[in-house]
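Trainee: Okay, so here is work_3.cif, and as you'll see once you scroll down, it has mmCIF, C-alpha atoms.
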data_start
#
loop_
_atom_site.group_PDB
_atom_site.id
_atom_site.type_symbol
_atom_site.label_atom_id
_atom_site.label_comp_id
_atom_site.auth_asym_id
_atom_site.auth_seq_id
_atom_site.Cartn_x
_atom_site.Cartn_y
_atom_site.Cartn_z
ATOM 1 C CA MET A 1 -8.115 -1.974 4.484
ATOM 2 C CA LEU A 2 -10.332 0.368 6.435
ATOM 3 C CA LEU A 3 -11.411 -2.431 8.750
ATOM 4 C CA ASP A 4 -7.772 -3.336 9.339
ATOM 5 C CA LEU A 5 -6.912 0.260 10.223
ATOM 6 C CA ILE A 6 -9.938 0.620 12.505
ATOM 7 C CA ALA A 7 -8.932 -2.594 14.283
ATOM 8 C CA GLY A 8 -5.345 -1.374 14.659
ATOM 9 C CA ARG A 9 -3.964 -3.986 12.291
ATOM 10 C CA ARG A 10 -1.588 -3.467 9.424
ATOM 11 C CA SER A 11 -3.434 -3.623 6.087
ATOM 12 C CA GLU A 12 -2.644 -5.835 3.129
ATOM 13 C CA ILE A 13 -1.723 -2.858 0.956
ATOM 14 C CA ASP A 14 1.620 -4.366 -0.036
ATOM 15 C CA VAL A 15 -0.087 -7.474 -1.363
ATOM 16 C CA ILE A 16 -3.012 -5.678 -2.978
ATOM 17 C CA ASN A 17 -1.621 -2.490 -4.540
ATOM 18 C CA GLY A 18 2.047 -2.709 -3.645
ATOM 19 C CA ALA A 19 2.650 -5.712 -5.877
ATOM 20 C CA ILE A 20 1.543 -3.898 -9.013
ATOM 21 C CA PRO A 21 4.413 -1.368 -9.213
ATOM 22 C CA LYS A 22 6.898 -4.158 -8.542
ATOM 23 C CA ALA A 23 5.461 -6.272 -11.361
ATOM 24 C CA GLY A 24 5.371 -3.210 -13.602
ATOM 25 C CA ARG A 25 9.054 -2.477 -13.007
ATOM 26 C CA GLU A 26 9.891 -6.044 -14.016
ATOM 27 C CA VAL A 27 8.310 -5.491 -17.439
ATOM 28 C CA GLY A 28 9.156 -1.799 -17.823
ATOM 29 C CA VAL A 29 5.733 -0.313 -17.104
ATOM 30 C CA ALA A 30 5.163 2.477 -14.586
ATOM 31 C CA ALA A 31 2.284 2.291 -12.110
ATOM 32 C CA PRO A 32 2.294 5.727 -10.464
ATOM 33 C CA VAL A 33 -1.296 5.567 -9.207
ATOM 34 C CA ASN A 34 -0.679 2.302 -7.380
ATOM 35 C CA GLU A 35 2.575 3.640 -5.953
ATOM 36 C CA THR A 36 0.735 6.701 -4.645
ATOM 37 C CA VAL A 37 -2.150 4.719 -3.133
ATOM 38 C CA THR A 38 0.308 2.382 -1.437
ATOM 39 C CA ALA A 39 2.335 5.296 -0.064
ATOM 40 C CA LEU A 40 -0.792 7.009 1.268
ATOM 41 C CA VAL A 41 -2.012 3.900 3.069
ATOM 42 C CA ARG A 42 1.449 3.244 4.526
ATOM 43 C CA ALA A 43 1.562 6.856 5.766
ATOM 44 C CA LYS A 44 -1.840 6.423 7.405
ATOM 45 C CA GLU A 45 -0.650 3.218 9.069
ATOM 46 C CA ARG A 46 2.419 5.013 10.417
ATOM 47 C CA ARG A 47 0.284 7.890 11.663
ATOM 48 C CA LEU A 48 -1.977 5.451 13.505
ATOM 49 C CA GLY A 49 1.022 3.589 14.908
ATOM 50 C CA VAL A 50 0.139 0.382 13.096
ATOM 51 C CA ALA A 51 3.124 0.093 10.758
#
Render the structure in this file as structure tokens.

Mentor:
Amino acid sequence: MLLDLIAGRRSEIDVINGAIPKAGREVGVAAPVNETVTALVRAKERRLGVA
């Protein structure tokens, strides 16, 4: 992800960490750490103008 951000590309955060909370919701399990990591990376992408 860092290399993507350095290169000005959008990272694969939705595929890597973002999929876990979605799968968790489907089976009734929370994944707050993954939700937070995903939100932080998305915020960084927005700040860098990549998103």

Trainee: List the residues selected by the PyMOL selection byres ((chain A and resi 39-42) around 9) in the file shown, writing them as a PyMOL selection string.

Mentor: chain A and resi 1+10-11+13-14+18+34-38+43-47+51

Trainee: Using Å and a single decimal, report how far CA of Leu3 in chain A sits from CA of Asn17 in chain A.

Mentor: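 These two atoms are separated by 16.5 Å.
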
Trainee: Enter the distance from CA of Asp4 in chain A to CA of Val33 in chain A, in Å, rounded to one decimal.

Mentor: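 Value for the CA of Asp4 in chain A-CA of Val33 in chain A distance: 21.6 Å.
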
Trainee: Kindly give the distance, in Å, that separates CA of Val27 in chain A and CA of Glu12 in chain A, rounded to a single decimal.

Mentor: 23.3 Å

Trainee: Box along x, y and z, 8 Å on every side, all listed atoms of range 5-20 of chain A inside: centre and edge lengths in Å to one decimal, as lines of an AutoDock Vina configuration file.

Mentor:
center_x = -3.6
center_y = -3.4
center_z = 2.8
size_x = 28.6
size_y = 24.1
size_z = 39.7
